[in-house]
>>> print(open('data.pdb').read())   # PDB, C-alpha atoms and all ligand atoms
ATOM      1  CA  MET Y1056      60.051  83.009 102.232
ATOM      2  CA  GLU Y1057      58.313  80.303 104.196
ATOM      3  CA  VAL Y1058      54.617  80.064 103.452
ATOM      4  CA  GLU Y1059      51.879  78.617 105.620
ATOM      5  CA  ALA Y1060      48.159  78.753 104.779
ATOM      6  CA  TRP Y1061      44.925  77.561 106.333
ATOM      7  CA  VAL Y1062      41.156  77.922 106.095
ATOM      8  CA  ALA Y1063      39.404  79.879 108.859
ATOM      9  CA  SER Y1064      35.709  80.398 109.456
ATOM     10  CA  VAL Y1065      34.260  83.742 110.564
ATOM     11  CA  THR Y1066      30.870  83.815 112.277
ATOM     12  CA  LEU Y1067      28.283  86.475 111.540
ATOM     13  CA  ALA Y1068      26.375  88.165 114.357
ATOM     14  CA  GLU Y1069      23.166  87.658 112.322
ATOM     15  CA  THR Y1070      22.260  85.773 109.127
ATOM     16  CA  PHE Y1071      23.320  87.836 106.105
ATOM     17  CA  VAL Y1072      20.958  87.752 103.108
ATOM     18  CA  ILE Y1073      21.555  89.087  99.573
ATOM     19  CA  ALA Y1074      19.743  88.391  96.288
ATOM     20  CA  ARG Y1075      21.611  85.175  95.499
ATOM     21  CA  GLU Y1076      22.408  83.663  98.904
ATOM     22  CA  ALA Y1077      22.139  83.661 102.703
ATOM     23  CA  ALA Y1078      24.879  82.831 105.220
ATOM     24  CA  ASP Y1079      25.613  82.522 108.949
ATOM     25  CA  SER Y1080      29.360  82.221 108.497
ATOM     26  CA  ALA Y1081      32.013  82.544 105.819
ATOM     27  CA  ASP Y1082      35.210  80.640 105.118
ATOM     28  CA  VAL Y1083      38.336  82.627 104.324
ATOM     29  CA  VAL Y1084      41.913  81.693 103.503
ATOM     30  CA  GLN Y1085      44.658  83.070 105.727
ATOM     31  CA  VAL Y1086      48.386  82.979 105.054
ATOM     32  CA  ALA Y1087      51.552  83.565 107.046
ATOM     33  CA  LEU Y1088      54.806  84.498 105.286
ATOM     34  CA  ARG Y1089      58.061  84.260 107.223
ATOM     35  CA  HIS Y1090      61.245  86.110 106.253
ATOM     36  CA  ASP Y1091      64.259  87.053 108.416
ATOM     37  CA  GLY Y1092      62.412  85.960 111.569
ATOM     38  CA  VAL Y1093      59.427  88.226 110.857
ATOM     39  CA  THR Y1094      55.915  87.018 109.972
ATOM     40  CA  GLY Y1095      53.404  88.795 107.724
ATOM     41  CA  HIS Y1096      49.744  87.788 107.681
ATOM     42  CA  GLY Y1097      47.072  88.172 105.044
ATOM     43  CA  GLU Y1098      43.545  87.006 104.336
ATOM     44  CA  GLY Y1099      41.373  86.548 101.278
ATOM     45  CA  ALA Y1100      37.623  85.958 101.133
ATOM     46  CA  PRO Y1101      36.849  83.628  98.193
ATOM     47  CA  ILE Y1102      33.715  84.517  96.211
ATOM     48  CA  GLU Y1103      31.515  81.567  95.252
ATOM     49  CA  ARG Y1104      29.968  83.601  92.412
ATOM     50  CA  TYR Y1105      33.364  83.370  90.696
ATOM     51  CA  ARG Y1106      33.802  79.655  91.403
ATOM     52  CA  GLU Y1107      36.259  80.191  94.252
ATOM     53  CA  SER Y1108      36.159  78.483  97.655
ATOM     54  CA  ALA Y1109      38.376  78.551 100.719
ATOM     55  CA  GLU Y1110      39.612  75.095  99.694
ATOM     56  CA  SER Y1111      40.469  76.141  96.137
ATOM     57  CA  ALA Y1112      42.242  79.218  97.539
ATOM     58  CA  LEU Y1113      44.210  77.087  99.983
ATOM     59  CA  THR Y1114      45.208  74.691  97.205
ATOM     60  CA  PHE Y1115      46.372  77.636  95.087
ATOM     61  CA  VAL Y1116      48.621  78.967  97.868
ATOM     62  CA  GLU Y1117      50.056  75.528  98.597
ATOM     63  CA  GLU Y1118      50.733  74.744  94.941
ATOM     64  CA  HIS Y1119      52.190  78.137  94.014
ATOM     65  CA  ALA Y1120      54.097  79.183  97.137
ATOM     66  CA  GLY Y1121      57.326  78.799  95.161
ATOM     67  CA  LEU Y1122      56.342  81.745  92.937
ATOM     68  CA  LEU Y1123      56.863  84.145  95.852
ATOM     69  CA  GLY Y1124      60.642  83.807  95.777
ATOM     70  CA  ASP Y1125      62.874  85.251  98.497
ATOM     71  CA  ASP Y1126      62.383  89.019  98.258
ATOM     72  CA  PRO Y1127      59.202  90.289  99.969
ATOM     73  CA  PHE Y1128      59.758  93.755  98.437
ATOM     74  CA  ALA Y1129      59.651  92.495  94.838
ATOM     75  CA  LEU Y1130      55.892  93.056  94.557
ATOM     76  CA  GLU Y1131      55.873  93.767  90.822
ATOM     77  CA  GLU Y1132      57.776  90.606  89.935
ATOM     78  CA  ILE Y1133      55.843  88.433  92.394
ATOM     79  CA  GLY Y1134      52.566  89.816  91.039
ATOM     80  CA  ALA Y1135      53.621  89.114  87.464
ATOM     81  CA  ARG Y1136      54.466  85.494  88.326
ATOM     82  CA  LEU Y1137      51.200  84.940  90.214
ATOM     83  CA  SER Y1138      49.107  86.515  87.452
ATOM     84  CA  GLU Y1139      50.325  83.894  85.007
ATOM     85  CA  VAL Y1140      48.100  81.440  86.883
ATOM     86  CA  PRO Y1141      44.466  82.427  86.166
ATOM     87  CA  GLY Y1142      41.772  82.900  88.834
ATOM     88  CA  GLU Y1143      41.935  82.431  92.613
ATOM     89  CA  GLN Y1144      41.915  86.170  93.256
ATOM     90  CA  ALA Y1145      41.166  85.739  96.976
ATOM     91  CA  ALA Y1146      44.268  83.589  97.414
ATOM     92  CA  LYS Y1147      46.316  86.211  95.565
ATOM     93  CA  ALA Y1148      44.812  88.940  97.771
ATOM     94  CA  ALA Y1149      45.832  86.992 100.882
ATOM     95  CA  LEU Y1150      49.409  86.705  99.607
ATOM     96  CA  ASP Y1151      49.537  90.378  98.587
ATOM     97  CA  ALA Y1152      48.261  91.487 102.013
ATOM     98  CA  ALA Y1153      50.757  89.242 103.791
ATOM     99  CA  LEU Y1154      53.599  90.682 101.680
ATOM    100  CA  HIS Y1155      52.549  94.227 102.596
ATOM    101  CA  ASP Y1156      52.223  93.264 106.275
ATOM    102  CA  LEU Y1157      55.666  91.677 106.156
ATOM    103  CA  GLN Y1158      57.222  94.730 104.475
ATOM    104  CA  GLY Y1159      55.718  97.043 107.078
ATOM    105  CA  LYS Y1160      56.949  94.901 109.956
ATOM    106  CA  LEU Y1161      60.448  94.575 108.460
ATOM    107  CA  LEU Y1162      60.634  98.376 108.116
ATOM    108  CA  GLY Y1163      58.716  99.234 111.294
ATOM    109  CA  VAL Y1164      56.038 101.305 109.511
ATOM    110  CA  PRO Y1165      52.294 100.885 108.967
ATOM    111  CA  VAL Y1166      51.250  99.846 105.456
ATOM    112  CA  TYR Y1167      49.331 103.054 104.759
ATOM    113  CA  ARG Y1168      52.600 104.982 105.264
ATOM    114  CA  LEU Y1169      54.461 102.502 103.089
ATOM    115  CA  LEU Y1170      51.952 103.338 100.347
ATOM    116  CA  GLY Y1171      52.322 107.070 100.903
ATOM    117  CA  LEU Y1172      48.611 107.447 101.645
ATOM    118  CA  PRO Y1173      46.767 109.228 104.453
ATOM    119  CA  ARG Y1174      45.511 107.157 107.372
ATOM    120  CA  VAL Y1175      41.859 108.187 107.235
ATOM    121  CA  GLY Y1176      39.498 107.607 104.304
ATOM    122  CA  PRO Y1177      35.752 108.151 103.785
ATOM    123  CA  PRO Y1178      33.207 106.748 106.267
ATOM    124  CA  THR Y1179      32.096 103.167 105.721
ATOM    125  CA  SER Y1180      28.523 102.327 104.910
ATOM    126  CA  TRP Y1181      26.693  99.759 107.022
ATOM    127  CA  THR Y1182      25.042  96.973 105.046
ATOM    128  CA  VAL Y1183      21.341  96.436 105.653
ATOM    129  CA  TRP Y1184      20.843  93.044 104.108
ATOM    130  CA  LEU Y1185      17.783  91.927 102.190
ATOM    131  CA  GLY Y1186      14.529  91.442 104.109
ATOM    132  CA  ASP Y1187      10.940  92.657 104.187
ATOM    133  CA  PRO Y1188      10.596  96.463 103.993
ATOM    134  CA  ASP Y1189       9.597  96.792 107.685
ATOM    135  CA  ASP Y1190      12.402  94.510 108.805
ATOM    136  CA  MET Y1191      14.984  96.463 106.778
ATOM    137  CA  ALA Y1192      13.662  99.745 108.237
ATOM    138  CA  ARG Y1193      13.956  98.335 111.762
ATOM    139  CA  ARG Y1194      17.557  97.205 111.196
ATOM    140  CA  ALA Y1195      18.445 100.511 109.510
ATOM    141  CA  GLU Y1196      17.090 102.429 112.496
ATOM    142  CA  GLN Y1197      19.158 100.304 114.893
ATOM    143  CA  ALA Y1198      22.380 101.047 112.975
ATOM    144  CA  ALA Y1199      21.711 104.701 112.172
ATOM    145  CA  SER Y1200      23.390 106.200 115.248
ATOM    146  CA  ARG Y1201      26.717 104.445 114.635
ATOM    147  CA  PHE Y1202      27.099 104.980 110.894
ATOM    148  CA  ARG Y1203      27.140 107.901 108.490
ATOM    149  CA  ARG Y1204      25.751 106.015 105.498
ATOM    150  CA  LEU Y1205      23.739 102.864 104.792
ATOM    151  CA  LYS Y1206      23.919 100.385 101.927
ATOM    152  CA  LEU Y1207      20.657  98.576 101.263
ATOM    153  CA  LYS Y1208      20.728  95.169  99.624
ATOM    154  CA  LEU Y1209      17.933  94.912  97.059
ATOM    155  CA  GLY Y1210      16.922  92.305  94.506
ATOM    156  CA  GLY Y1211      14.057  90.658  96.393
ATOM    157  CA  GLY Y1212      12.437  89.587  93.116
ATOM    158  CA  ASP Y1213       9.036  90.376  94.640
ATOM    159  CA  GLY Y1214       8.331  93.868  93.287
ATOM    160  CA  LEU Y1215       8.999  95.415  96.711
ATOM    161  CA  ASP Y1216      12.490  96.851  96.207
ATOM    162  CA  VAL Y1217      11.331 100.483  95.985
ATOM    163  CA  GLU Y1218       9.160  99.898  99.079
ATOM    164  CA  ARG Y1219      12.230  98.657 100.921
ATOM    165  CA  VAL Y1220      14.002 101.932 100.250
ATOM    166  CA  ARG Y1221      10.889 103.974 101.073
ATOM    167  CA  ALA Y1222      10.554 102.163 104.418
ATOM    168  CA  VAL Y1223      14.200 102.836 105.308
ATOM    169  CA  ARG Y1224      13.961 106.452 104.144
ATOM    170  CA  GLY Y1225      11.021 106.801 106.540
ATOM    171  CA  VAL Y1226      13.235 106.139 109.566
ATOM    172  CA  THR Y1227      16.559 107.821 108.671
ATOM    173  CA  HIS Y1228      18.054 110.831 106.912
ATOM    174  CA  LEU Y1229      21.423 109.101 106.458
ATOM    175  CA  SER Y1230      22.963 108.866 102.970
ATOM    176  CA  LEU Y1231      21.636 105.773 101.214
ATOM    177  CA  GLN Y1232      23.098 103.631  98.472
ATOM    178  CA  VAL Y1233      21.616 100.410  97.121
ATOM    179  CA  ASP Y1234      23.147  97.183  95.797
ATOM    180  CA  VAL Y1235      20.983  95.002  93.563
ATOM    181  CA  ASN Y1236      23.564  92.238  93.039
ATOM    182  CA  GLU Y1237      22.599  91.720  89.360
ATOM    183  CA  TRP Y1238      18.920  91.064  90.113
ATOM    184  CA  TRP Y1239      17.068  93.567  87.889
ATOM    185  CA  SER Y1240      16.279  93.534  84.169
ATOM    186  CA  LEU Y1241      16.807  96.742  82.186
ATOM    187  CA  GLU Y1242      13.039  97.427  82.344
ATOM    188  CA  GLU Y1243      12.936  96.954  86.132
ATOM    189  CA  ALA Y1244      15.965  99.223  86.543
ATOM    190  CA  LEU Y1245      14.462 101.963  84.348
ATOM    191  CA  ASP Y1246      11.281 101.786  86.390
ATOM    192  CA  ALA Y1247      12.906 101.703  89.850
ATOM    193  CA  LEU Y1248      15.834 104.129  89.520
ATOM    194  CA  PRO Y1249      13.791 107.348  89.052
ATOM    195  CA  GLN Y1250      11.804 106.387  92.173
ATOM    196  CA  LEU Y1251      15.025 105.760  94.104
ATOM    197  CA  ALA Y1252      16.327 109.128  92.916
ATOM    198  CA  GLU Y1253      13.248 110.772  94.425
ATOM    199  CA  LEU Y1254      13.958 108.998  97.700
ATOM    200  CA  GLY Y1255      17.435 110.518  97.675
ATOM    201  CA  VAL Y1256      19.418 107.353  96.953
ATOM    202  CA  GLU Y1257      22.935 108.469  96.078
ATOM    203  CA  TYR Y1258      23.893 105.670  93.693
ATOM    204  CA  CYS Y1259      23.011 102.124  92.656
ATOM    205  CA  GLU Y1260      25.433  99.227  92.584
ATOM    206  CA  GLN Y1261      25.178  96.500  89.922
ATOM    207  CA  PRO Y1262      21.491  96.645  88.971
ATOM    208  CA  LEU Y1263      21.936  94.436  85.881
ATOM    209  CA  PRO Y1264      23.581  91.027  85.492
ATOM    210  CA  ALA Y1265      27.310  91.253  84.688
ATOM    211  CA  GLY Y1266      27.760  91.583  80.930
ATOM    212  CA  ASP Y1267      24.126  92.590  80.339
ATOM    213  CA  GLU Y1268      23.804  94.395  77.020
ATOM    214  CA  GLY Y1269      21.428  96.959  78.562
ATOM    215  CA  GLY Y1270      24.308  98.575  80.461
ATOM    216  CA  ARG Y1271      24.979 101.346  77.925
ATOM    217  CA  VAL Y1272      21.309 102.356  77.797
ATOM    218  CA  LEU Y1273      21.047 102.355  81.572
ATOM    219  CA  LYS Y1274      24.144 104.512  81.984
ATOM    220  CA  GLU Y1275      22.585 107.067  79.653
ATOM    221  CA  ARG Y1276      19.125 107.054  81.196
ATOM    222  CA  SER Y1277      19.656 106.477  84.919
ATOM    223  CA  PRO Y1278      18.978 109.587  87.021
ATOM    224  CA  ILE Y1279      21.528 108.405  89.640
ATOM    225  CA  PRO Y1280      25.050 107.050  89.146
ATOM    226  CA  ILE Y1281      25.458 103.340  88.398
ATOM    227  CA  TYR Y1282      28.421 101.569  90.001
ATOM    228  CA  VAL Y1283      29.490  98.129  88.780
ATOM    229  CA  ASP Y1284      30.851  95.429  91.092
ATOM    230  CA  GLU Y1285      30.244  92.006  89.495
ATOM    231  CA  ASP Y1286      31.301  93.570  86.142
ATOM    232  CA  CYS Y1287      34.616  94.879  87.494
ATOM    233  CA  HIS Y1288      37.315  92.615  88.885
ATOM    234  CA  VAL Y1289      40.786  93.753  87.815
ATOM    235  CA  LEU Y1290      42.534  96.639  86.060
ATOM    236  CA  ALA Y1291      41.817  95.166  82.608
ATOM    237  CA  ASP Y1292      38.035  95.467  83.243
ATOM    238  CA  VAL Y1293      37.989  99.156  84.137
ATOM    239  CA  ALA Y1294      37.937 100.697  80.648
ATOM    240  CA  ALA Y1295      34.939  98.589  79.587
ATOM    241  CA  CYS Y1296      33.127  99.602  82.787
ATOM    242  CA  ALA Y1297      33.348 103.248  81.735
ATOM    243  CA  GLU Y1298      30.976 102.374  78.883
ATOM    244  CA  ILE Y1299      28.241 101.024  81.157
ATOM    245  CA  ALA Y1300      28.691 102.779  84.496
ATOM    246  CA  HIS Y1301      29.561 105.989  86.298
ATOM    247  CA  GLY Y1302      31.688 104.224  88.881
ATOM    248  CA  ILE Y1303      33.429 100.984  89.811
ATOM    249  CA  THR Y1304      33.401  98.910  92.977
ATOM    250  CA  ILE Y1305      36.835  97.580  93.873
ATOM    251  CA  LYS Y1306      37.265  94.686  96.301
ATOM    252  CA  LEU Y1307      40.637  93.239  97.261
ATOM    253  CA  SER Y1308      39.229  89.721  96.971
ATOM    254  CA  LYS Y1309      38.407  90.411  93.307
ATOM    255  CA  SER Y1310      41.469  92.478  92.381
ATOM    256  CA  GLY Y1311      43.935  90.080  93.971
ATOM    257  CA  GLY Y1312      45.179  92.585  96.517
ATOM    258  CA  ILE Y1313      46.197  96.119  97.434
ATOM    259  CA  ARG Y1314      48.567  96.674  94.523
ATOM    260  CA  GLU Y1315      46.036  95.951  91.762
ATOM    261  CA  ALA Y1316      43.305  97.819  93.687
ATOM    262  CA  ILE Y1317      45.446 100.980  93.637
ATOM    263  CA  ARG Y1318      45.981 100.619  89.891
ATOM    264  CA  MET Y1319      42.214 100.244  89.422
ATOM    265  CA  ALA Y1320      41.457 103.347  91.498
ATOM    266  CA  HIS Y1321      43.824 105.442  89.371
ATOM    267  CA  ALA Y1322      42.524 103.971  86.100
ATOM    268  CA  GLY Y1323      38.955 104.704  87.216
ATOM    269  CA  ARG Y1324      39.903 108.306  87.958
ATOM    270  CA  ALA Y1325      41.592 108.683  84.577
ATOM    271  CA  LEU Y1326      38.352 107.565  82.903
ATOM    272  CA  GLY Y1327      36.223 109.951  84.961
ATOM    273  CA  LEU Y1328      34.662 107.168  87.020
ATOM    274  CA  GLY Y1329      33.669 107.286  90.681
ATOM    275  CA  VAL Y1330      35.545 104.771  92.829
ATOM    276  CA  MET Y1331      34.026 102.698  95.584
ATOM    277  CA  LEU Y1332      35.826 100.201  97.794
ATOM    278  CA  GLY Y1333      33.797  97.220  98.984
ATOM    279  CA  CYS Y1334      34.525  94.107 100.996
ATOM    280  CA  MET Y1335      33.198  90.641 101.744
ATOM    281  CA  VAL Y1336      32.201  89.056 105.035
ATOM    282  CA  GLU Y1337      35.749  88.915 106.383
ATOM    283  CA  SER Y1338      37.862  89.516 109.471
ATOM    284  CA  GLY Y1339      39.785  92.607 110.499
ATOM    285  CA  LEU Y1340      42.832  91.095 108.777
ATOM    286  CA  SER Y1341      41.177  91.702 105.377
ATOM    287  CA  VAL Y1342      39.581  94.980 106.440
ATOM    288  CA  ALA Y1343      42.981  96.272 107.601
ATOM    289  CA  ALA Y1344      44.268  95.840 104.045
ATOM    290  CA  GLY Y1345      41.145  97.527 102.663
ATOM    291  CA  CYS Y1346      41.642 100.512 104.979
ATOM    292  CA  CYS Y1347      44.973 101.186 103.304
ATOM    293  CA  VAL Y1348      43.291 101.688  99.903
ATOM    294  CA  ALA Y1349      40.210 103.519 101.238
ATOM    295  CA  PRO Y1350      41.703 107.048 101.094
ATOM    296  CA  LEU Y1351      41.921 106.696  97.273
ATOM    297  CA  CYS Y1352      38.171 106.071  97.021
ATOM    298  CA  ASP Y1353      35.021 108.236  96.954
ATOM    299  CA  HIS Y1354      32.871 105.711  98.778
ATOM    300  CA  VAL Y1355      33.768 102.966 101.197
ATOM    301  CA  ASP Y1356      31.880  99.865 102.280
ATOM    302  CA  LEU Y1357      34.263  98.183 104.701
ATOM    303  CA  ASP Y1358      31.953  96.702 107.313
ATOM    304  CA  GLY Y1359      32.998  93.030 106.912
ATOM    305  CA  ASN Y1360      34.514  92.675 110.379
ATOM    306  CA  LEU Y1361      31.760  94.765 112.019
ATOM    307  CA  LEU Y1362      29.191  92.224 110.812
ATOM    308  CA  LEU Y1363      30.921  89.451 112.783
ATOM    309  CA  ARG Y1364      29.981  88.202 116.229
ATOM    310  CA  ASP Y1365      33.624  88.720 117.268
ATOM    311  CA  ASP Y1366      36.473  89.955 115.089
ATOM    312  CA  PRO Y1367      39.237  87.312 115.312
ATOM    313  CA  TRP Y1368      41.803  89.893 114.051
ATOM    314  CA  PRO Y1369      41.249  93.108 116.028
ATOM    315  CA  GLY Y1370      43.307  96.239 115.402
ATOM    316  CA  VAL Y1371      41.289  98.340 112.948
ATOM    317  CA  VAL Y1372      39.519 101.095 114.877
ATOM    318  CA  PHE Y1373      36.038 102.317 114.063
ATOM    319  CA  VAL Y1374      35.988 106.083 114.717
ATOM    320  CA  ASP Y1375      33.015 108.325 113.940
ATOM    321  CA  GLY Y1376      31.838 105.992 111.178
ATOM    322  CA  VAL Y1377      35.293 105.509 109.625
ATOM    323  CA  GLN Y1378      37.343 102.317 109.594
ATOM    324  CA  VAL Y1379      40.853 103.501 110.493
ATOM    325  CA  PRO Y1380      43.983 101.320 110.304
ATOM    326  CA  SER Y1381      46.139 100.853 113.383
ATOM    327  CA  GLU Y1382      49.412 102.776 113.663
ATOM    328  CA  GLU Y1383      51.313  99.576 114.451
ATOM    329  CA  PRO Y1384      53.801  98.350 111.817
ATOM    330  CA  GLY Y1385      52.406  96.383 108.882
ATOM    331  CA  LEU Y1386      48.643  95.946 108.714
ATOM    332  CA  GLY Y1387      48.557  96.531 112.472
ATOM    333  CA  VAL Y1388      46.256  93.651 113.405
ATOM    334  CA  SER Y1389      46.974  90.432 115.293
ATOM    335  CA  ALA Y1390      45.024  87.285 116.029
ATOM    336  CA  ALA Y1391      42.788  87.677 119.078
ATOM    337  CA  GLY Y1392      44.391  86.155 122.164
ATOM    338  CA  THR Y1393      47.947  86.309 120.781
TER     339      THR Y1393
HETATM  340 MG    MG L1401      28.150  94.695  95.469
END
>>> encode(input="data.pdb", output="structure tokens", more="lines below")
Ligand SMILES: [Mg+2]
Amino acid sequence: MEVEAWVASVTLAETFVIAREAADSADVVQVALRHDGVTGHGEGAPIERYRESAESALTFVEEHAGLLGDDPFALEEIGARLSEVPGEQAAKAALDAALHDLQGKLLGVPVYRLLGLPRVGPPTSWTVWLGDPDDMARRAEQAASRFRRLKLKLGGGDGLDVERVRAVRGVTHLSLQVDVNEWWSLEEALDALPQLAELGVEYCEQPLPAGDEGGRVLKERSPIPIYVDEDCHVLADVAACAEIAHGITIKLSKSGGIREAIRMAHAGRALGLGVMLGCMVESGLSVAAGCCVAPLCDHVDLDGNLLLRDDPWPGVVFVDGVQVPSEEPGLGVSAAGT
């Protein structure tokens, strides 16, 4: 297979703010794999929190392209070779997505069919990023007619997190979930979670720092389910997550692609965990791959491309709050203007 990779920048419609950072754009790595005159595309969104950048992802693809070999259907063997090189999960996710896209195009079927999964999964949440309570309520109200659930970013560090949720609850009856991005201590979590339960919050994502020893206590005492994101990257993390959480958050850019994400979803189920699929700020090329895994999950947060000013890889359709993959072969998306 011929491999080409590059860095692309996606531009947000509005500045995105979470507990640890703010951004107007995001850099992603995109790859093209050519085989028998057919090209498969994939994208990965590197996560700075895990010491990955678009440049490090690009370097990984360029240095390890030889590990792909010549058979785009040999996913197990390719995955085993790539996993011998540690890290750079976003780069691996880009390669995995491109391999799936290529397979689908070679066979003339969409990837969700290739995986034997239904086309339509749960509705996506819309992310209301961190701001003052009134500002978050205003943005929640604006989005409420288009979405069936909202995800509120918390972790303001100013004692106002419960007020943020109360303000949003005051303007909408939509299902709410919150994501603290590791910003609470055990004491803060034990204080806030019962109040969030009263406000009808369905579950809380990553209240404590990854690896925090308070996780077991919180799992026992929280009145609402705890989902872990920063604690859960790949299949090997899932069993330990069952000790500290009621659910896991899978992202392709952490798992290294569709194949590992599916393994994680099944492992989570076997351990009695809830399964959520999340995403990064990313184009429709990444979201198209996420859509293929979504039907295996209880909750879906796949709004990455909807947060952009323009999606450079259109094809995923947003229908009644659900991100639905195209019925075209492969991932079913193509670069805008091509
Ligand atoms: Mg999260």
>>> atom_distance(input="data.pdb", atom1="atom CA of Y:Arg1075", atom2="atom CA of Y:Pro1264")
11.8 Å
>>> residues_near_ligand(input="data.pdb", ligand="ligand MG 1401 (chain L)", cutoff="12 Å", atoms="only C-alpha atoms and all ligand atoms", output="count of residues only")
49
>>> axis_aligned_box(input="data.pdb", around="stretch 1159-1174 of chain Y", padding_each_side="5 Å", output="JSON")
{"center_x": 53.1, "center_y": 101.9, "center_z": 105.8, "size_x": 25.1, "size_y": 24.7, "size_z": 20.9}
>>> atom_distance(input="data.pdb", atom1="atom CA of Y:Ser1111", atom2="atom CA of Y:Ala1322")
29.7 Å
>>> residues_near_point(input="data.pdb", point="(41.3, 106.7, 91.6)", cutoff="7 Å", atoms="all atoms listed in the file", output="JSON, numbers by chain")
{"Y": [1319, 1320, 1321, 1322, 1323, 1324, 1330, 1351, 1352]}
>>> resolve_selection(input="data.pdb", expression="the PyMOL selection byres (((chain Y and resi 1217) around 12) and not hetatm)", output="ChimeraX atom specification")
/Y:1187-1188,1207-1216,1218-1224,1233,1235,1243-1244,1246-1256
>>> resolve_selection(input="data.pdb", expression="the PyMOL selection byres (((chain Y and resi 1301) around 8) and not hetatm)", output="ChimeraX atom specification")
/Y:1274,1280-1282,1297,1299-1300,1302-1303,1327-1329
>>> write_last_selection(input="data.pdb", atoms="C-alpha atoms", output="PDB file, in the coordinates of the input")
ATOM      1  CA  LYS Y1274      24.144 104.512  81.984  1.00  0.00           C
ATOM      2  CA  PRO Y1280      25.050 107.050  89.146  1.00  0.00           C
ATOM      3  CA  ILE Y1281      25.458 103.340  88.398  1.00  0.00           C
ATOM      4  CA  TYR Y1282      28.421 101.569  90.001  1.00  0.00           C
ATOM      5  CA  ALA Y1297      33.348 103.248  81.735  1.00  0.00           C
ATOM      6  CA  ILE Y1299      28.241 101.024  81.157  1.00  0.00           C
ATOM      7  CA  ALA Y1300      28.691 102.779  84.496  1.00  0.00           C
ATOM      8  CA  GLY Y1302      31.688 104.224  88.881  1.00  0.00           C
ATOM      9  CA  ILE Y1303      33.429 100.984  89.811  1.00  0.00           C
ATOM     10  CA  GLY Y1327      36.223 109.951  84.961  1.00  0.00           C
ATOM     11  CA  LEU Y1328      34.662 107.168  87.020  1.00  0.00           C
ATOM     12  CA  GLY Y1329      33.669 107.286  90.681  1.00  0.00           C
TER      13      GLY Y1329
END
>>> resolve_selection(input="data.pdb", expression="the PyMOL selection byres (((chain Y and resi 1079) around 7) and not hetatm)", output="list in words")
Thr1066, Leu1067, Glu1069, Thr1070, Phe1071, Ala1078 and Ser1080 of chain Y
>>> residues_around(input="data.pdb", residues="stretch 1383-1386 of chain Y", least_positions_apart="2", cutoff="12 Å", atoms="only C-alpha atoms", output="ChimeraX atom specification")
/Y:1093-1098,1151-1170,1174,1313,1339-1348,1368-1372,1379-1381,1388-1390
>>> closest_residue(input="data.pdb", among="Y:Gly1359, Y:Gly1266, Y:Pro1127, Y:Pro1173", to="Y:Val1083", atoms="only C-alpha atoms")
Y:Gly1359
>>> atom_distance(input="data.pdb", atom1="atom CA of Y:Phe1202", atom2="atom CA of Y:Leu1361")
11.3 Å
